[in-house]
$ cat my_file.tsv   # TSV, C-alpha atoms and all ligand atoms
chain	number	residue	atom	x	y	z
U	1	MET	CA	-52.08	-6.35	-4.32
U	2	PHE	CA	-50.03	-5.92	-7.50
U	3	ASP	CA	-51.30	-2.32	-7.88
U	4	GLN	CA	-50.25	-1.56	-4.34
U	5	LEU	CA	-46.77	-2.93	-4.98
U	6	THR	CA	-46.27	-0.86	-8.12
U	7	GLN	CA	-47.04	2.30	-6.14
U	8	ILE	CA	-44.18	1.72	-3.69
U	9	GLU	CA	-41.29	4.18	-4.14
U	10	PRO	CA	-38.02	2.60	-5.33
U	11	LEU	CA	-35.57	1.95	-2.50
U	12	TYR	CA	-32.62	3.62	-4.23
U	13	GLN	CA	-32.06	7.35	-4.65
U	14	PRO	CA	-31.12	7.94	-8.30
U	15	VAL	CA	-27.68	9.54	-8.57
U	16	THR	CA	-26.86	12.05	-11.28
U	17	MET	CA	-23.47	13.40	-12.39
U	18	PRO	CA	-22.34	16.29	-14.57
U	19	ASP	CA	-22.03	15.30	-18.26
U	20	GLU	CA	-18.23	15.23	-18.57
U	21	THR	CA	-16.78	11.76	-19.20
U	22	ALA	CA	-13.19	10.75	-18.45
U	23	GLU	CA	-10.82	9.85	-21.29
U	24	PHE	CA	-7.85	7.51	-21.06
U	25	SER	CA	-4.73	6.77	-23.06
U	26	PRO	CA	-4.76	3.90	-25.60
U	27	ASP	CA	-2.67	1.83	-23.17
U	28	VAL	CA	-5.20	2.25	-20.37
U	29	GLU	CA	-8.08	1.52	-22.78
U	30	ALA	CA	-6.30	-1.67	-23.82
U	31	GLU	CA	-5.88	-2.65	-20.15
U	32	ILE	CA	-9.60	-2.03	-19.61
U	33	ASP	CA	-10.49	-4.11	-22.69
U	34	ARG	CA	-8.39	-6.99	-21.35
U	35	HIS	CA	-10.33	-6.99	-18.07
U	36	ILE	CA	-13.71	-6.78	-19.78
U	37	ALA	CA	-12.78	-9.74	-22.00
U	38	LYS	CA	-12.34	-11.95	-18.91
U	39	TYR	CA	-16.00	-11.81	-17.93
U	40	PRO	CA	-19.04	-13.35	-19.65
U	41	VAL	CA	-21.19	-10.42	-18.47
U	42	ILE	CA	-19.67	-6.98	-18.98
U	43	ARG	CA	-20.91	-5.49	-15.68
U	44	SER	CA	-18.93	-8.14	-13.77
U	45	ALA	CA	-15.78	-6.20	-14.67
U	46	ILE	CA	-16.86	-3.30	-12.44
U	47	LEU	CA	-14.29	-3.75	-9.64
U	48	PRO	CA	-11.14	-4.10	-11.78
U	49	LEU	CA	-12.30	-1.17	-13.90
U	50	MET	CA	-12.96	0.92	-10.80
U	51	PHE	CA	-9.42	0.25	-9.59
U	52	ILE	CA	-8.03	1.40	-12.95
U	53	VAL	CA	-10.16	4.56	-13.07
U	54	GLN	CA	-9.25	5.35	-9.45
U	55	ARG	CA	-5.54	4.77	-10.13
U	56	GLU	CA	-5.63	7.03	-13.20
U	57	ARG	CA	-7.74	9.83	-11.72
U	58	GLY	CA	-6.78	9.65	-8.04
U	59	TYR	CA	-10.36	8.85	-7.01
U	60	LEU	CA	-13.71	8.02	-8.55
U	61	ASP	CA	-14.56	11.54	-9.67
U	62	PRO	CA	-17.77	12.32	-11.62
U	63	PRO	CA	-16.13	12.03	-15.09
U	64	GLY	CA	-14.64	8.69	-14.02
U	65	VAL	CA	-18.00	7.44	-12.75
U	66	ASN	CA	-19.64	8.51	-16.03
U	67	TYR	CA	-16.97	6.61	-17.94
U	68	LEU	CA	-17.59	3.46	-15.89
U	69	ALA	CA	-21.35	3.66	-16.40
U	70	LYS	CA	-20.89	3.99	-20.18
U	71	ARG	CA	-18.25	1.25	-20.53
U	72	LEU	CA	-20.16	-1.16	-18.30
U	73	LYS	CA	-23.60	-0.26	-19.71
U	74	LEU	CA	-24.89	0.50	-16.21
U	75	ARG	CA	-26.80	3.36	-14.64
U	76	ILE	CA	-24.77	5.96	-12.76
U	77	THR	CA	-26.69	4.84	-9.66
U	78	ASP	CA	-25.46	1.25	-10.08
U	79	VAL	CA	-21.85	2.39	-10.30
U	80	TRP	CA	-22.29	4.74	-7.35
U	81	GLU	CA	-23.77	1.98	-5.17
U	82	VAL	CA	-20.64	-0.12	-5.66
U	83	ALA	CA	-18.27	2.85	-5.33
U	84	THR	CA	-19.75	3.85	-1.97
U	85	PHE	CA	-19.96	0.28	-0.60
U	86	TYR	CA	-16.28	-0.70	-0.61
U	87	SER	CA	-13.81	1.07	1.68
U	88	MET	CA	-11.06	0.71	-0.94
U	89	MET	CA	-13.01	2.83	-3.42
U	90	HIS	CA	-12.81	6.60	-3.00
U	91	THR	CA	-15.43	9.06	-4.12
U	92	LYS	CA	-13.42	12.06	-2.95
U	93	PRO	CA	-9.70	12.87	-3.09
U	94	ILE	CA	-7.61	10.65	-0.84
U	95	GLY	CA	-4.16	11.08	0.73
U	96	ARG	CA	-1.05	9.48	-0.78
U	97	TYR	CA	-1.05	7.11	2.21
U	98	HIS	CA	-4.46	5.80	3.24
U	99	LEU	CA	-4.44	4.47	6.81
U	100	GLN	CA	-7.29	2.06	7.34
U	101	VAL	CA	-7.53	1.01	10.97
U	102	CYS	CA	-9.50	-2.18	11.53
U	103	LYS	CA	-12.22	-1.59	14.13
U	104	THR	CA	-13.82	-5.06	14.22
U	105	LEU	CA	-13.95	-7.37	17.24
U	106	SER	CA	-10.40	-8.80	17.60
U	107	CYS	CA	-8.80	-5.44	16.84
U	108	LYS	CA	-11.26	-3.60	19.06
U	109	LEU	CA	-10.61	-5.94	22.00
U	110	LEU	CA	-6.86	-5.44	21.57
U	111	GLY	CA	-6.92	-1.66	21.40
U	112	SER	CA	-7.85	-0.45	17.89
U	113	GLU	CA	-9.51	2.62	19.41
U	114	LYS	CA	-6.19	3.65	20.96
U	115	ILE	CA	-4.48	3.13	17.59
U	116	THR	CA	-7.04	5.30	15.79
U	117	GLU	CA	-6.77	7.95	18.50
U	118	HIS	CA	-2.99	7.89	18.29
U	119	CYS	CA	-3.00	8.21	14.47
U	120	SER	CA	-5.55	11.00	14.71
U	121	LYS	CA	-3.49	12.93	17.25
U	122	LYS	CA	-0.21	12.38	15.41
U	123	LEU	CA	-1.57	13.41	12.03
U	124	GLY	CA	-3.88	16.15	13.34
U	125	ILE	CA	-6.90	14.81	11.46
U	126	GLY	CA	-10.07	12.94	12.36
U	127	VAL	CA	-11.42	9.73	10.84
U	128	GLY	CA	-12.54	10.42	7.27
U	129	GLU	CA	-10.14	13.36	6.89
U	130	THR	CA	-6.94	14.04	4.93
U	131	THR	CA	-3.93	16.07	6.06
U	132	PRO	CA	-3.69	19.52	4.40
U	133	ASP	CA	-0.55	18.42	2.47
U	134	GLY	CA	-2.50	15.50	0.97
U	135	LYS	CA	-0.06	12.95	2.42
U	136	PHE	CA	-2.29	10.97	4.82
U	137	SER	CA	-5.95	10.01	5.04
U	138	LEU	CA	-7.38	8.18	8.04
U	139	SER	CA	-10.27	5.70	7.96
U	140	GLU	CA	-11.73	3.02	10.17
U	141	VAL	CA	-12.74	-0.15	8.35
U	142	GLU	CA	-14.29	-3.51	9.07
U	143	CYS	CA	-12.27	-6.74	9.53
U	144	LEU	CA	-9.30	-7.01	7.18
U	145	GLY	CA	-8.86	-10.73	7.79
U	146	SER	CA	-5.76	-10.39	9.94
U	147	CYS	CA	-7.50	-10.94	13.30
U	148	GLY	CA	-4.71	-13.14	14.71
U	149	THR	CA	-2.29	-10.19	14.58
U	150	ALA	CA	-4.65	-7.56	15.98
U	151	PRO	CA	-4.63	-4.64	16.30
U	152	MET	CA	-3.69	-3.85	12.74
U	153	PHE	CA	-4.12	-1.36	9.96
U	154	GLN	CA	-3.64	-1.30	6.22
U	155	ILE	CA	-1.78	1.48	4.44
U	156	ASN	CA	-2.60	1.44	0.75
U	157	PHE	CA	-2.05	-2.27	-0.09
U	158	ASP	CA	0.24	-3.21	2.84
U	159	TYR	CA	-0.71	-4.67	6.23
U	160	TYR	CA	0.92	-3.57	9.50
U	161	GLU	CA	0.17	-5.84	12.44
U	162	ASN	CA	0.48	-6.19	16.24
U	163	LEU	CA	0.40	-2.40	16.41
U	164	THR	CA	1.37	-0.29	19.39
U	165	PRO	CA	1.53	3.52	19.45
U	166	GLU	CA	5.35	3.28	19.27
U	167	LYS	CA	5.16	0.99	16.25
U	168	VAL	CA	2.69	3.35	14.57
U	169	ASP	CA	5.16	6.23	15.06
U	170	GLN	CA	7.96	4.21	13.46
U	171	ILE	CA	5.76	3.22	10.50
U	172	LEU	CA	4.49	6.74	9.85
U	173	GLU	CA	7.95	8.25	10.17
U	174	SER	CA	9.36	5.71	7.70
U	175	LEU	CA	6.98	6.75	4.92
U	176	PRO	CA	8.63	9.13	2.43
U	201	LIG	S1	-10.85	-7.96	13.52
U	201	LIG	FE1	-9.24	-6.71	12.77
U	201	LIG	S2	-8.42	-7.89	11.18
U	201	LIG	FE2	-10.13	-9.05	11.81

$ encode --input "my_file.tsv" --output "structure tokens"
Amino acid sequence: MFDQLTQIEPLYQPVTMPDETAEFSPDVEAEIDRHIAKYPVIRSAILPLMFIVQRERGYLDPPGVNYLAKRLKLRITDVWEVATFYSMMHTKPIGRYHLQVCKTLSCKLLGSEKITEHCSKKLGIGVGETTPDGKFSLSEVECLGSCGTAPMFQINFDYYENLTPEKVDQILESLP
């Protein structure tokens, strides 16, 4: 039985990255140190560190992922699994404004598909795409915890609720 188990292939696909590792200013390193110091186990600091690396580099690029693996003493695969799990983490370049339309039950029942379709038509991009000028990216995400004001979307860190196509137009046109 034990022999059979040891012959099973691992469930994960190991991820590899080019060798280059990101470097940060002393101020950013100090900020990272402060976050690491908050946790009894260093790998627990993965999310705050990811936010910092993403903020500094625009997205979690291969040098940034290498940096995280080294600082957190994790495998690249471990970092990648977290980076690709959360919709707020980006493993490719993202627009200056990231529209995340909630597609879960309350929002769906109250018209989230129409909102996504309207955004898509207005911006000329599909879900998962970025406008050629790098201004907008469009995603669909799971429940953002604002079900009572459905349909809604999040742009960067702000919520916009009780959306209608007209309201979406106003919001998008107000963004510099
Ligand atoms: S279902 Fe959309 S915020 Fe919860």

$ closest_atom_pairs --input "my_file.tsv" --of "chain U" --to "ligand LIG 201 (chain U)" --cutoff "9 Å" --atoms "only C-alpha atoms and all ligand atoms" --output "JSON lines"
{"residue": "U:Val101", "atom": "CA", "partner": "U:LIG201", "partner_atom": "FE1", "distance": 8.1}
{"residue": "U:Cys102", "atom": "CA", "partner": "U:LIG201", "partner_atom": "FE1", "distance": 4.7}
{"residue": "U:Lys103", "atom": "CA", "partner": "U:LIG201", "partner_atom": "FE1", "distance": 6.1}
{"residue": "U:Thr104", "atom": "CA", "partner": "U:LIG201", "partner_atom": "S1", "distance": 4.2}
{"residue": "U:Leu105", "atom": "CA", "partner": "U:LIG201", "partner_atom": "S1", "distance": 4.9}
{"residue": "U:Ser106", "atom": "CA", "partner": "U:LIG201", "partner_atom": "S1", "distance": 4.2}
{"residue": "U:Cys107", "atom": "CA", "partner": "U:LIG201", "partner_atom": "FE1", "distance": 4.3}
{"residue": "U:Lys108", "atom": "CA", "partner": "U:LIG201", "partner_atom": "S1", "distance": 7.1}
{"residue": "U:Leu109", "atom": "CA", "partner": "U:LIG201", "partner_atom": "S1", "distance": 8.7}
{"residue": "U:Ser112", "atom": "CA", "partner": "U:LIG201", "partner_atom": "FE1", "distance": 8.2}
{"residue": "U:Val141", "atom": "CA", "partner": "U:LIG201", "partner_atom": "FE1", "distance": 8.6}
{"residue": "U:Glu142", "atom": "CA", "partner": "U:LIG201", "partner_atom": "FE1", "distance": 7.0}
{"residue": "U:Cys143", "atom": "CA", "partner": "U:LIG201", "partner_atom": "FE2", "distance": 3.9}
{"residue": "U:Leu144", "atom": "CA", "partner": "U:LIG201", "partner_atom": "S2", "distance": 4.2}
{"residue": "U:Gly145", "atom": "CA", "partner": "U:LIG201", "partner_atom": "S2", "distance": 4.4}
{"residue": "U:Ser146", "atom": "CA", "partner": "U:LIG201", "partner_atom": "S2", "distance": 3.9}
{"residue": "U:Cys147", "atom": "CA", "partner": "U:LIG201", "partner_atom": "FE2", "distance": 3.6}
{"residue": "U:Gly148", "atom": "CA", "partner": "U:LIG201", "partner_atom": "S2", "distance": 7.3}
{"residue": "U:Thr149", "atom": "CA", "partner": "U:LIG201", "partner_atom": "S2", "distance": 7.4}
{"residue": "U:Ala150", "atom": "CA", "partner": "U:LIG201", "partner_atom": "FE1", "distance": 5.7}
{"residue": "U:Pro151", "atom": "CA", "partner": "U:LIG201", "partner_atom": "FE1", "distance": 6.2}
{"residue": "U:Met152", "atom": "CA", "partner": "U:LIG201", "partner_atom": "FE1", "distance": 6.2}
{"residue": "U:Phe153", "atom": "CA", "partner": "U:LIG201", "partner_atom": "S2", "distance": 7.9}
{"residue": "U:Glu161", "atom": "CA", "partner": "U:LIG201", "partner_atom": "S2", "distance": 8.9}

$ atom_distance --input "my_file.tsv" --atom1 "CA of Leu175 (chain U)" --atom2 "CA of Met88 (chain U)"
19.9 Å

$ closest_residue --input "my_file.tsv" --among "U:Gly95, U:Pro18, U:Pro48, U:Gly111" --to "Gly134 (chain U)" --atoms "only C-alpha atoms"
U:Gly95

$ atom_distance --input "my_file.tsv" --atom1 "CA of Leu138 (chain U)" --atom2 "CA of Met89 (chain U)"
13.8 Å

$ closest_residue --input "my_file.tsv" --among "U:Val79, U:Leu99, U:Ala45, U:Ile115" --to "Met17 (chain U)" --atoms "all atoms listed in the file"
U:Val79

$ closest_atom_pairs --input "my_file.tsv" --of "region 32-102 of chain U" --to "region 21-26 of chain U" --cutoff "12 Å" --atoms "all atoms listed in the file" --output "JSON lines"
{"residue": "U:Ile32", "atom": "CA", "partner": "U:Pro26", "partner_atom": "CA", "distance": 9.7}
{"residue": "U:Asp33", "atom": "CA", "partner": "U:Pro26", "partner_atom": "CA", "distance": 10.3}
{"residue": "U:Ile52", "atom": "CA", "partner": "U:Phe24", "partner_atom": "CA", "distance": 10.2}
{"residue": "U:Val53", "atom": "CA", "partner": "U:Ala22", "partner_atom": "CA", "distance": 8.7}
{"residue": "U:Gln54", "atom": "CA", "partner": "U:Ala22", "partner_atom": "CA", "distance": 11.2}
{"residue": "U:Arg55", "atom": "CA", "partner": "U:Phe24", "partner_atom": "CA", "distance": 11.5}
{"residue": "U:Glu56", "atom": "CA", "partner": "U:Phe24", "partner_atom": "CA", "distance": 8.2}
{"residue": "U:Arg57", "atom": "CA", "partner": "U:Ala22", "partner_atom": "CA", "distance": 8.7}
{"residue": "U:Tyr59", "atom": "CA", "partner": "U:Ala22", "partner_atom": "CA", "distance": 11.9}
{"residue": "U:Leu60", "atom": "CA", "partner": "U:Ala22", "partner_atom": "CA", "distance": 10.3}
{"residue": "U:Asp61", "atom": "CA", "partner": "U:Ala22", "partner_atom": "CA", "distance": 8.9}
{"residue": "U:Pro62", "atom": "CA", "partner": "U:Thr21", "partner_atom": "CA", "distance": 7.7}
{"residue": "U:Pro63", "atom": "CA", "partner": "U:Thr21", "partner_atom": "CA", "distance": 4.2}
{"residue": "U:Gly64", "atom": "CA", "partner": "U:Ala22", "partner_atom": "CA", "distance": 5.1}
{"residue": "U:Val65", "atom": "CA", "partner": "U:Thr21", "partner_atom": "CA", "distance": 7.9}
{"residue": "U:Asn66", "atom": "CA", "partner": "U:Thr21", "partner_atom": "CA", "distance": 5.4}
{"residue": "U:Tyr67", "atom": "CA", "partner": "U:Thr21", "partner_atom": "CA", "distance": 5.3}
{"residue": "U:Leu68", "atom": "CA", "partner": "U:Ala22", "partner_atom": "CA", "distance": 8.9}
{"residue": "U:Ala69", "atom": "CA", "partner": "U:Thr21", "partner_atom": "CA", "distance": 9.7}
{"residue": "U:Lys70", "atom": "CA", "partner": "U:Thr21", "partner_atom": "CA", "distance": 8.8}
{"residue": "U:Arg71", "atom": "CA", "partner": "U:Thr21", "partner_atom": "CA", "distance": 10.7}
{"residue": "U:Ile76", "atom": "CA", "partner": "U:Thr21", "partner_atom": "CA", "distance": 11.8}

$ atom_distance --input "my_file.tsv" --atom1 "CA of Ile42 (chain U)" --atom2 "CA of Lys92 (chain U)"
25.7 Å

$ closest_residue --input "my_file.tsv" --among "U:Ser120, U:Thr130, U:Thr16, U:Ser139" --to "Asp78 (chain U)" --atoms "all atoms listed in the file"
U:Thr16

$ closest_residue --input "my_file.tsv" --among "U:Val15, U:Leu49, U:Leu110, U:Leu123" --to "Thr84 (chain U)" --atoms "all atoms listed in the file"
U:Val15

$ decode --input "my_file.tsv" --residues "region 40-54 of chain U" --atoms "N, CA, C and O atoms" --output "PDB file, in the first residue's frame"
ATOM      1  N   PRO U  40       4.704  34.975  13.093  1.00  0.00           N
ATOM      2  CA  PRO U  40       5.605  34.003  13.723  1.00  0.00           C
ATOM      3  C   PRO U  40       6.258  33.071  12.695  1.00  0.00           C
ATOM      4  O   PRO U  40       7.338  32.560  12.913  1.00  0.00           O
ATOM      5  N   VAL U  41       5.562  32.852  11.572  1.00  0.00           N
ATOM      6  CA  VAL U  41       6.115  31.992  10.512  1.00  0.00           C
ATOM      7  C   VAL U  41       6.274  32.862   9.271  1.00  0.00           C
ATOM      8  O   VAL U  41       5.311  33.500   8.837  1.00  0.00           O
ATOM      9  N   ILE U  42       7.464  32.889   8.726  1.00  0.00           N
ATOM     10  CA  ILE U  42       7.774  33.861   7.661  1.00  0.00           C
ATOM     11  C   ILE U  42       6.848  33.748   6.450  1.00  0.00           C
ATOM     12  O   ILE U  42       6.417  34.741   5.885  1.00  0.00           O
ATOM     13  N   ARG U  43       6.458  32.505   6.080  1.00  0.00           N
ATOM     14  CA  ARG U  43       5.640  32.343   4.872  1.00  0.00           C
ATOM     15  C   ARG U  43       4.246  32.962   5.032  1.00  0.00           C
ATOM     16  O   ARG U  43       3.565  33.234   4.054  1.00  0.00           O
ATOM     17  N   SER U  44       3.830  33.199   6.275  1.00  0.00           N
ATOM     18  CA  SER U  44       2.514  33.814   6.500  1.00  0.00           C
ATOM     19  C   SER U  44       2.452  35.243   5.972  1.00  0.00           C
ATOM     20  O   SER U  44       1.369  35.802   5.814  1.00  0.00           O
ATOM     21  N   ALA U  45       3.612  35.824   5.709  1.00  0.00           N
ATOM     22  CA  ALA U  45       3.639  37.211   5.208  1.00  0.00           C
ATOM     23  C   ALA U  45       3.434  37.263   3.689  1.00  0.00           C
ATOM     24  O   ALA U  45       3.580  38.326   3.084  1.00  0.00           O
ATOM     25  N   ILE U  46       3.051  36.160   3.084  1.00  0.00           N
ATOM     26  CA  ILE U  46       3.030  36.112   1.609  1.00  0.00           C
ATOM     27  C   ILE U  46       2.084  37.142   0.986  1.00  0.00           C
ATOM     28  O   ILE U  46       2.452  37.801   0.007  1.00  0.00           O
ATOM     29  N   LEU U  47       0.869  37.324   1.542  1.00  0.00           N
ATOM     30  CA  LEU U  47      -0.065  38.245   0.881  1.00  0.00           C
ATOM     31  C   LEU U  47       0.384  39.708   0.972  1.00  0.00           C
ATOM     32  O   LEU U  47       0.434  40.386  -0.050  1.00  0.00           O
ATOM     33  N   PRO U  48       0.738  40.208   2.185  1.00  0.00           N
ATOM     34  CA  PRO U  48       1.214  41.600   2.194  1.00  0.00           C
ATOM     35  C   PRO U  48       2.437  41.809   1.305  1.00  0.00           C
ATOM     36  O   PRO U  48       2.563  42.836   0.633  1.00  0.00           O
ATOM     37  N   LEU U  49       3.329  40.830   1.274  1.00  0.00           N
ATOM     38  CA  LEU U  49       4.518  40.994   0.427  1.00  0.00           C
ATOM     39  C   LEU U  49       4.139  40.983  -1.055  1.00  0.00           C
ATOM     40  O   LEU U  49       4.709  41.721  -1.864  1.00  0.00           O
ATOM     41  N   MET U  50       3.164  40.148  -1.399  1.00  0.00           N
ATOM     42  CA  MET U  50       2.722  40.130  -2.806  1.00  0.00           C
ATOM     43  C   MET U  50       2.156  41.482  -3.211  1.00  0.00           C
ATOM     44  O   MET U  50       2.407  41.961  -4.306  1.00  0.00           O
ATOM     45  N   PHE U  51       1.365  42.089  -2.302  1.00  0.00           N
ATOM     46  CA  PHE U  51       0.801  43.402  -2.628  1.00  0.00           C
ATOM     47  C   PHE U  51       1.918  44.423  -2.855  1.00  0.00           C
ATOM     48  O   PHE U  51       1.831  45.255  -3.750  1.00  0.00           O
ATOM     49  N   ILE U  52       2.972  44.356  -2.044  1.00  0.00           N
ATOM     50  CA  ILE U  52       4.070  45.315  -2.191  1.00  0.00           C
ATOM     51  C   ILE U  52       4.794  45.083  -3.518  1.00  0.00           C
ATOM     52  O   ILE U  52       5.051  46.022  -4.281  1.00  0.00           O
ATOM     53  N   VAL U  53       5.103  43.831  -3.809  1.00  0.00           N
ATOM     54  CA  VAL U  53       5.832  43.517  -5.051  1.00  0.00           C
ATOM     55  C   VAL U  53       4.981  43.929  -6.258  1.00  0.00           C
ATOM     56  O   VAL U  53       5.481  44.529  -7.216  1.00  0.00           O
ATOM     57  N   GLN U  54       3.688  43.650  -6.178  1.00  0.00           N
ATOM     58  CA  GLN U  54       2.791  44.008  -7.286  1.00  0.00           C
ATOM     59  C   GLN U  54       2.709  45.530  -7.446  1.00  0.00           C
ATOM     60  O   GLN U  54       2.744  46.051  -8.555  1.00  0.00           O
TER      61      GLN U  54
END
